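Remarks on the structure that follows.
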Amino acid sequence: MKVVNIHEAKTHLSRLIERVADGEEIILARAGKPVAKLVPLKPKPRRPGGLKGKVRIHADFDDPLPDDIASGFRGESL
């Protein structure tokens with residue numbers, strides 16, 4: 001784990017962010033004393049049913065498409 005003073009962190013923030021994005025943890029120090037830690041964000045786990053009530057499927061969803069639209073999907077011209 002790398003320790004970086006705040007002045008250096010200000011100067012090289014983009015580089016430090018890249019290292020953190022690659023999985024490294026970095027300690028920020030003021031006058032040699034650790035004051036903060038940069039760590040990569042962990043993606044939030046997706047939970048089943050998270051969109052329940054937010055997505056609506058029309059009653060005719062499974063009905064056959066009109067011929068003019070279906071022919072377009074098959075690559076046929078009208």
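In the structure tokens, each chain is lettered A, B, ... as it comes, each chain's residues begin at 1, and ligands are numbered from 1 in order of appearance.
Note that DSSP on the backbone gives strand (DSSP E) to these residues of chain A: Lys2, Val3, Val4, Asn5, Ile26, Ile27, Leu28, Ala29, Arg30, Lys33, Pro34, Val35, Ala36, Lys37 and Leu38 of chain A.
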### Task
Find the residue from A:Lys2, A:Lys10, A:Arg15, A:Lys52 that sits nearest to Pro34 (chain A); use only C-alpha atoms when measuring.
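Closest to Pro34 (chain A), using only C-alpha atoms: A:Lys2.
You can rank A:Val20, A:Leu28, A:Ile57, A:Ile69 by their closest distance to Val4 (chain A) using only C-alpha atoms, and at the top of that list sits A:Leu28.
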## Note on the structure
Between A:Ala31, A:Ala70, A:Leu51, A:Val3, smallest distance to Leu16 (chain A) by only C-alpha atoms belongs to A:Val3
### Residue nearest Lys42 (chain A) - candidates A:Ala21, A:Ile6, A:Leu65, A:Leu13, atoms counted: only C-alpha atoms
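Distance minimum relative to Lys42 (chain A) lands on A:Ala21.
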### Task
From a DSSP calculation on the backbone, collect every residue of chain A in alpha helix (DSSP H) and output the set as an MDAnalysis selection string.
chainID A and resid 6:11 13:21 67:73
What lies within 7 Å of Leu38 (chain A) using only C-alpha atoms, ignoring chain neighbours under 6 positions off, as a short mmCIF file (atom, residue, chain, number, x, y, z; two decimals) with C-alpha atoms, in the first residue's frame?
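That gives us out-v6.cif:
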```cif
data_model
loop_
_atom_site.label_atom_id
_atom_site.label_comp_id
_atom_site.auth_asym_id
_atom_site.auth_seq_id
_atom_site.Cartn_x
_atom_site.Cartn_y
_atom_site.Cartn_z
CA VAL A 20 -6.76 2.96 -7.53
CA GLU A 25 -5.12 1.19 -2.21
CA ILE A 26 -3.35 4.49 -1.49
CA ILE A 27 -2.98 6.25 1.86
#
```
### Straight-line distance linking CA of Pro40 (chain A) with CA of Ile17 (chain A), stated in Å to one decimal
8.8 Å
### Query
What is the CA of Glu24 (chain A) to CA of Ala36 (chain A) distance in Å?
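Calculated distance between CA of Glu24 (chain A) and CA of Ala36 (chain A) is 14.2 Å.
CA of Leu41 (chain A) sits 10.6 Å away from CA of Asp22 (chain A).
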### Task
Compare A:Arg47, A:Arg30, A:Ser71, A:Val39 by their minimum atom-to-atom distance to Met1 (chain A), counting only C-alpha atoms, and give me the closest one.
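For Met1 (chain A), the nearest of the given residues is A:Val39.
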